[in-house]
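Content type mmCIF, C-alpha atoms and all ligand atoms, from the file work.cif:
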data_start
#
loop_
_atom_site.group_PDB
_atom_site.id
_atom_site.type_symbol
_atom_site.label_atom_id
_atom_site.label_comp_id
_atom_site.auth_asym_id
_atom_site.auth_seq_id
_atom_site.Cartn_x
_atom_site.Cartn_y
_atom_site.Cartn_z
ATOM 1 C CA MET A 1 -5.315 -4.348 -38.747
ATOM 2 C CA LYS A 2 -2.219 -6.341 -39.742
ATOM 3 C CA TRP A 3 0.730 -6.761 -37.418
ATOM 4 C CA HIS A 4 4.216 -7.524 -38.649
ATOM 5 C CA TRP A 5 6.993 -8.793 -36.475
ATOM 6 C CA GLU A 6 10.200 -8.462 -38.446
ATOM 7 C CA MET A 7 13.194 -10.578 -37.430
ATOM 8 C CA MET A 8 16.723 -9.298 -37.541
ATOM 9 C CA GLU A 9 18.670 -11.428 -39.982
ATOM 10 C CA ILE A 10 22.348 -11.573 -40.967
ATOM 11 C CA ILE A 11 22.956 -12.649 -44.539
ATOM 12 C CA GLU A 12 26.189 -13.494 -46.368
ATOM 13 C CA VAL A 13 26.565 -11.589 -49.642
ATOM 14 C CA THR A 14 28.440 -13.540 -52.321
ATOM 15 C CA GLU A 15 27.678 -11.593 -55.487
ATOM 16 C CA ASN A 16 26.927 -8.023 -56.554
ATOM 17 C CA LYS A 17 28.721 -6.741 -53.455
ATOM 18 C CA LYS A 18 29.004 -3.327 -55.116
ATOM 19 C CA GLU A 19 25.258 -2.978 -54.610
ATOM 20 C CA TYR A 20 26.272 -1.837 -51.122
ATOM 21 C CA LEU A 21 28.898 0.636 -52.333
ATOM 22 C CA PRO A 22 27.300 3.704 -50.662
ATOM 23 C CA LEU A 23 27.517 1.897 -47.305
ATOM 24 C CA LEU A 24 31.068 0.615 -47.984
ATOM 25 C CA LEU A 25 32.166 4.162 -48.841
ATOM 26 C CA LEU A 26 30.962 5.392 -45.442
ATOM 27 C CA ALA A 27 33.754 3.361 -43.859
ATOM 28 C CA ASP A 28 36.362 3.675 -46.623
ATOM 29 C CA GLU A 29 35.959 6.685 -48.883
ATOM 30 C CA GLN A 30 38.177 5.601 -51.800
ATOM 31 C CA GLU A 31 36.654 2.946 -54.060
ATOM 32 C CA ASN A 32 39.926 1.494 -55.381
ATOM 33 C CA MET A 33 40.961 0.790 -51.756
ATOM 34 C CA ILE A 34 37.676 -1.115 -51.262
ATOM 35 C CA ASP A 35 38.476 -3.087 -54.433
ATOM 36 C CA ARG A 36 41.589 -4.441 -52.714
ATOM 37 C CA TYR A 37 39.517 -6.570 -50.332
ATOM 38 C CA LEU A 38 35.920 -6.739 -51.542
ATOM 39 C CA ASP A 39 36.135 -9.675 -53.982
ATOM 40 C CA LYS A 40 38.162 -11.953 -51.730
ATOM 41 C CA GLY A 41 36.551 -10.830 -48.485
ATOM 42 C CA LYS A 42 33.510 -12.390 -46.838
ATOM 43 C CA MET A 43 30.658 -9.911 -46.712
ATOM 44 C CA TYR A 44 27.677 -9.889 -44.368
ATOM 45 C CA VAL A 45 24.705 -7.565 -44.197
ATOM 46 C CA LEU A 46 22.308 -7.125 -41.291
ATOM 47 C CA ASP A 47 18.682 -6.922 -42.392
ATOM 48 C CA ASP A 48 16.200 -5.509 -39.892
ATOM 49 C CA ASN A 49 13.278 -4.369 -41.990
ATOM 50 C CA GLY A 50 15.847 -3.251 -44.608
ATOM 51 C CA ILE A 51 19.658 -3.422 -44.714
ATOM 52 C CA LYS A 52 21.057 -1.473 -41.787
ATOM 53 C CA CYS A 53 24.697 -2.527 -41.522
ATOM 54 C CA GLU A 54 27.406 -4.335 -43.508
ATOM 55 C CA CYS A 55 30.848 -5.723 -42.864
ATOM 56 C CA VAL A 56 33.656 -7.276 -44.912
ATOM 57 C CA LEU A 57 36.129 -9.747 -43.389
ATOM 58 C CA ALA A 58 39.462 -11.144 -44.567
ATOM 59 C CA ASP A 59 41.675 -13.986 -43.385
ATOM 60 C CA VAL A 60 45.065 -12.352 -42.777
ATOM 61 C CA GLY A 61 46.856 -15.534 -41.656
ATOM 62 C CA ASN A 62 48.004 -16.868 -38.256
ATOM 63 C CA ARG A 63 44.375 -17.483 -37.242
ATOM 64 C CA VAL A 64 43.668 -13.760 -37.380
ATOM 65 C CA LEU A 65 40.420 -12.539 -38.959
ATOM 66 C CA GLU A 66 40.347 -8.865 -39.956
ATOM 67 C CA ILE A 67 37.374 -6.540 -40.315
ATOM 68 C CA LYS A 68 38.179 -4.620 -43.498
ATOM 69 C CA ASN A 69 35.029 -2.521 -43.587
ATOM 70 C CA ILE A 70 32.042 -2.025 -41.281
ATOM 71 C CA ALA A 71 29.342 0.608 -41.615
ATOM 72 C CA THR A 72 25.826 1.315 -40.428
ATOM 73 C CA VAL A 73 23.355 3.411 -42.444
ATOM 74 C CA SER A 74 23.719 6.950 -41.026
ATOM 75 C CA GLU A 75 20.149 7.315 -39.701
ATOM 76 C CA TYR A 76 20.454 3.997 -37.857
ATOM 77 C CA GLN A 77 23.802 4.505 -36.147
ATOM 78 C CA GLY A 78 23.943 4.178 -32.376
ATOM 79 C CA LYS A 79 21.189 1.544 -32.221
ATOM 80 C CA GLY A 80 23.421 -1.482 -31.690
ATOM 81 C CA TYR A 81 23.490 -2.823 -35.243
ATOM 82 C CA ALA A 82 27.282 -2.870 -35.746
ATOM 83 C CA LYS A 83 27.770 -4.426 -32.309
ATOM 84 C CA ALA A 84 25.205 -7.112 -33.200
ATOM 85 C CA LEU A 85 27.121 -7.861 -36.404
ATOM 86 C CA ILE A 86 30.404 -8.137 -34.479
ATOM 87 C CA ASP A 87 28.789 -10.438 -31.899
ATOM 88 C CA PHE A 88 27.585 -12.620 -34.785
ATOM 89 C CA ILE A 89 31.104 -12.738 -36.312
ATOM 90 C CA VAL A 90 32.685 -13.600 -32.961
ATOM 91 C CA LYS A 91 30.244 -16.511 -32.471
ATOM 92 C CA LYS A 92 30.557 -17.763 -36.036
ATOM 93 C CA TYR A 93 34.350 -17.638 -36.260
ATOM 94 C CA SER A 94 35.564 -18.343 -32.710
ATOM 95 C CA LYS A 95 36.595 -21.930 -33.524
ATOM 96 C CA GLN A 96 38.402 -21.050 -36.767
ATOM 97 C CA TYR A 97 40.278 -17.967 -35.511
ATOM 98 C CA ASP A 98 41.991 -16.809 -32.305
ATOM 99 C CA ILE A 99 41.886 -13.070 -32.912
ATOM 100 C CA LEU A 100 39.462 -10.639 -34.525
ATOM 101 C CA GLN A 101 41.304 -7.462 -35.536
ATOM 102 C CA VAL A 102 40.491 -4.197 -37.199
ATOM 103 C CA GLY A 103 42.610 -1.453 -38.691
ATOM 104 C CA THR A 104 41.230 2.064 -38.564
ATOM 105 C CA GLY A 105 42.198 5.711 -38.506
ATOM 106 C CA ASP A 106 43.079 7.289 -35.171
ATOM 107 C CA SER A 107 39.663 8.889 -34.918
ATOM 108 C CA PRO A 108 37.201 9.563 -32.077
ATOM 109 C CA LYS A 109 34.451 8.380 -34.450
ATOM 110 C CA THR A 110 35.668 4.800 -34.632
ATOM 111 C CA ILE A 111 38.152 3.871 -31.853
ATOM 112 C CA PRO A 112 35.610 4.276 -28.975
ATOM 113 C CA PHE A 113 33.156 2.084 -30.883
ATOM 114 C CA TYR A 114 35.700 -0.755 -31.158
ATOM 115 C CA GLU A 115 36.698 -0.334 -27.516
ATOM 116 C CA LYS A 116 33.002 -0.651 -26.558
ATOM 117 C CA CYS A 117 32.996 -3.901 -28.534
ATOM 118 C CA GLY A 118 35.907 -5.276 -26.487
ATOM 119 C CA PHE A 119 38.837 -4.490 -28.806
ATOM 120 C CA ILE A 120 42.114 -3.129 -27.461
ATOM 121 C CA ARG A 121 44.854 -1.254 -29.330
ATOM 122 C CA SER A 122 47.619 -3.574 -30.493
ATOM 123 C CA HIS A 123 49.920 -1.898 -33.035
ATOM 124 C CA ILE A 124 50.104 0.732 -35.767
ATOM 125 C CA LEU A 125 51.010 0.728 -39.452
ATOM 126 C CA PRO A 126 52.807 4.053 -39.885
ATOM 127 C CA ASN A 127 51.723 6.323 -42.773
ATOM 128 C CA PHE A 128 49.100 3.893 -44.106
ATOM 129 C CA PHE A 129 46.621 6.644 -44.987
ATOM 130 C CA THR A 130 49.183 9.089 -46.405
ATOM 131 C CA ASP A 131 50.929 6.361 -48.448
ATOM 132 C CA ASN A 132 47.884 4.552 -49.861
ATOM 133 C CA TYR A 133 45.166 7.128 -50.467
ATOM 134 C CA ASP A 134 45.281 9.598 -53.356
ATOM 135 C CA HIS A 135 44.044 12.471 -51.188
ATOM 136 C CA PRO A 136 44.298 13.455 -47.516
ATOM 137 C CA ILE A 137 41.577 11.850 -45.375
ATOM 138 C CA TYR A 138 40.164 13.982 -42.595
ATOM 139 C CA GLU A 139 37.988 12.811 -39.720
ATOM 140 C CA CYS A 140 36.729 15.234 -37.097
ATOM 141 C CA GLY A 141 39.090 17.843 -38.559
ATOM 142 C CA VAL A 142 42.195 15.722 -38.046
ATOM 143 C CA GLN A 143 44.145 14.177 -40.919
ATOM 144 C CA LEU A 144 44.486 10.408 -40.697
ATOM 145 C CA VAL A 145 48.102 9.261 -41.050
ATOM 146 C CA ASP A 146 48.743 5.886 -39.362
ATOM 147 C CA MET A 147 46.509 2.837 -39.362
ATOM 148 C CA VAL A 148 45.694 1.848 -35.770
ATOM 149 C CA PHE A 149 45.045 -1.853 -35.167
ATOM 150 C CA LEU A 150 42.789 -3.095 -32.400
ATOM 151 C CA GLN A 151 42.328 -6.743 -31.481
ATOM 152 C CA ARG A 152 39.926 -8.906 -29.555
ATOM 153 C CA LEU A 153 40.423 -12.544 -28.569
ATOM 154 C CA ILE A 154 37.624 -14.712 -29.891
HETATM 155 C C1 LIG A 201 31.450 3.025 -36.444
HETATM 156 C C2 LIG A 201 30.059 2.464 -36.786
HETATM 157 C C3 LIG A 201 30.227 1.259 -37.703
HETATM 158 C C4 LIG A 201 29.355 2.044 -35.498
HETATM 159 O O1 LIG A 201 28.104 1.440 -35.872
HETATM 160 P P1 LIG A 201 26.775 1.580 -34.981
HETATM 161 O O2 LIG A 201 25.775 0.633 -35.516
HETATM 162 O O3 LIG A 201 26.416 3.025 -34.909
HETATM 163 O O4 LIG A 201 27.357 1.115 -33.577
HETATM 164 P P2 LIG A 201 26.520 0.483 -32.350
HETATM 165 O O5 LIG A 201 25.220 1.204 -32.251
HETATM 166 O O6 LIG A 201 26.477 -0.994 -32.507
HETATM 167 O O7 LIG A 201 27.476 0.885 -31.148
HETATM 168 C C5 LIG A 201 27.985 -0.036 -30.192
HETATM 169 C C6 LIG A 201 28.484 0.725 -28.996
HETATM 170 O O8 LIG A 201 29.524 1.626 -29.384
HETATM 171 C C7 LIG A 201 29.200 2.952 -28.980
HETATM 172 N N1 LIG A 201 29.703 3.904 -29.987
HETATM 173 C C8 LIG A 201 29.490 3.883 -31.334
HETATM 174 N N2 LIG A 201 30.125 4.925 -31.907
HETATM 175 C C9 LIG A 201 30.730 5.618 -30.906
HETATM 176 C C10 LIG A 201 31.522 6.806 -30.834
HETATM 177 N N3 LIG A 201 31.862 7.490 -31.918
HETATM 178 N N4 LIG A 201 31.965 7.213 -29.626
HETATM 179 C C11 LIG A 201 31.652 6.556 -28.492
HETATM 180 N N5 LIG A 201 30.888 5.414 -28.487
HETATM 181 C C12 LIG A 201 30.451 4.967 -29.677
HETATM 182 C C13 LIG A 201 27.693 2.969 -28.918
HETATM 183 O O9 LIG A 201 27.224 3.991 -28.088
HETATM 184 C C14 LIG A 201 27.392 1.589 -28.361
HETATM 185 O O10 LIG A 201 27.621 1.599 -26.969
HETATM 186 P P3 LIG A 201 26.646 0.788 -25.965
HETATM 187 O O11 LIG A 201 26.828 -0.672 -26.315
HETATM 188 O O12 LIG A 201 27.138 1.156 -24.621
HETATM 189 O O13 LIG A 201 25.252 1.282 -26.258
HETATM 190 C C15 LIG A 201 29.156 3.562 -37.435
HETATM 191 O O14 LIG A 201 29.203 4.727 -36.665
HETATM 192 C C16 LIG A 201 29.524 3.904 -38.872
HETATM 193 O O15 LIG A 201 29.036 3.290 -39.814
HETATM 194 N N6 LIG A 201 30.396 4.913 -39.058
HETATM 195 C C17 LIG A 201 30.821 5.323 -40.403
HETATM 196 C C18 LIG A 201 31.674 4.274 -41.029
HETATM 197 C C19 LIG A 201 32.943 4.001 -40.270
HETATM 198 O O16 LIG A 201 33.631 4.929 -39.849
HETATM 199 N N7 LIG A 201 33.247 2.703 -40.119
HETATM 200 C C20 LIG A 201 34.423 2.232 -39.444
HETATM 201 C C21 LIG A 201 35.595 2.323 -40.337
HETATM 202 S S1 LIG A 201 36.862 1.206 -39.863
#

Before anything else, please render the file you have as structure tokens.
Ligand SMILES: CC(C)(COP(=O)(O)OP(=O)(O)OC[C@H]1O[C@@H](n2cnc3c(N)ncnc32)[C@H](O)[C@@H]1OP(=O)(O)O)[C@@H](O)C(=O)NCCC(=O)NCCS
Amino acid sequence: MKWHWEMMEIIEVTENKKEYLPLLLLADEQENMIDRYLDKGKMYVLDDNGIKCECVLADVGNRVLEIKNIATVSEYQGKGYAKALIDFIVKKYSKQYDILQVGTGDSPKTIPFYEKCGFIRSHILPNFFTDNYDHPIYECGVQLVDMVFLQRLI
């Protein structure tokens, strides 16, 4: 009998980022909105016997690093993968940046996750979802209107 011990690995993706489009769309359902940050952003994937989670980061100035997209493959959600990716980002970027921030919809599917990861609400961008998306976005039956920002010191 053969035994395999697979190691969790986090890999930077520098080309063919659209290979992960199905995962990117889980977090941001309109492809032309993803196109706004995908090329310039830094992308990482977490490989644990297959890709389980991805994230895209952007430098937004003033030593603030922003998570533009983060998603875990549906069947593997709730197993700590996204938190592991955030812990990796915090370690890797804590010297270069002061704040890690994320903008998200005001949704019970995402805000509690970020709060678990140590983020706290900082500000909102009014009407971001209604102004920038070509169709109404619903999460848990509620239409997303404002972008809610959460921040964590790193
Ligand atoms: C949000 C998302 C990225 C979280 O990824 P994940 O790998 O399932 O998260 P983790 O397993 O690392 O969760 C970390 C902690 O947050 C908690 N958590 C995650 N989602 C939660 C929720 N909706 N409500 C309450 N707690 C939640 C977990 O229970 C865990 O807590 P613990 O450390 O006490 O065990 C994932 O659910 C996802 O891909 N959702 C769809 C895409 C999306 O909405 N992305 C965000 C857009 S900005």

Centre, x/y/z edge lengths, axis-aligned box for ligand LIG 201 (chain A) with 8 Å per side, as AutoDock Vina command-line options:
--center_x 31.0 --center_y 3.2 --center_z -32.8 --size_x 27.6 --size_y 24.5 --size_z 32.4

Inset, instruction - Could you list the residues chosen by the PyMOL selection byres (((not hetatm)) within 8 of (chain A and resi 201)) in this structure as number ranges by chain? - result: A: 23-28, 53, 67-74, 76-85, 102-105, 108-117

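When the PyMOL selection byres (((chain A and resi 49) around 9) and not hetatm) is evaluated on the file shown here, the picked residues come out as Glu6, Met7, Met8, Asp47, Asp48, Gly50, Ile51 and Lys52 of chain A.
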
Inset, instruction - Choose the residue, out of A:Tyr44, A:Asp131, A:Leu144, A:Val60, that has the smallest atom-to-atom separation from Ile89 (chain A); count all atoms listed in the file. - result: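 The closest residue to Ile89 (chain A) is A:Tyr44.
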
Inset, instruction - Please evaluate the PyMOL selection byres (((chain A and resi 120) around 6) and not hetatm) against the displayed coordinates and give the resulting residues as number ranges by chain. - result: A: 119, 121, 150-151

Inset, instruction - Find the residue from A:Gly118, A:Leu21, A:Leu46, A:Glu31 that sits nearest to Phe88 (chain A); use all atoms listed in the file when measuring. - result: A:Leu46

Inset, instruction - Report the distance between CA of Phe128 (chain A) and CA of Asp146 (chain A) in Å, rounded to one decimal place. - result: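 Rounded to one decimal, the two atoms are 5.2 Å apart.
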
Inset, instruction - For His135 (chain A), list every protein, DNA or RNA residue within 12 Å, evaluated using only C-alpha atoms, and leave out those in the same chain fewer than 3 positions away; present the list as a PyMOL selection string. - result: chain A and resi 29-30+129-132+138+143-145
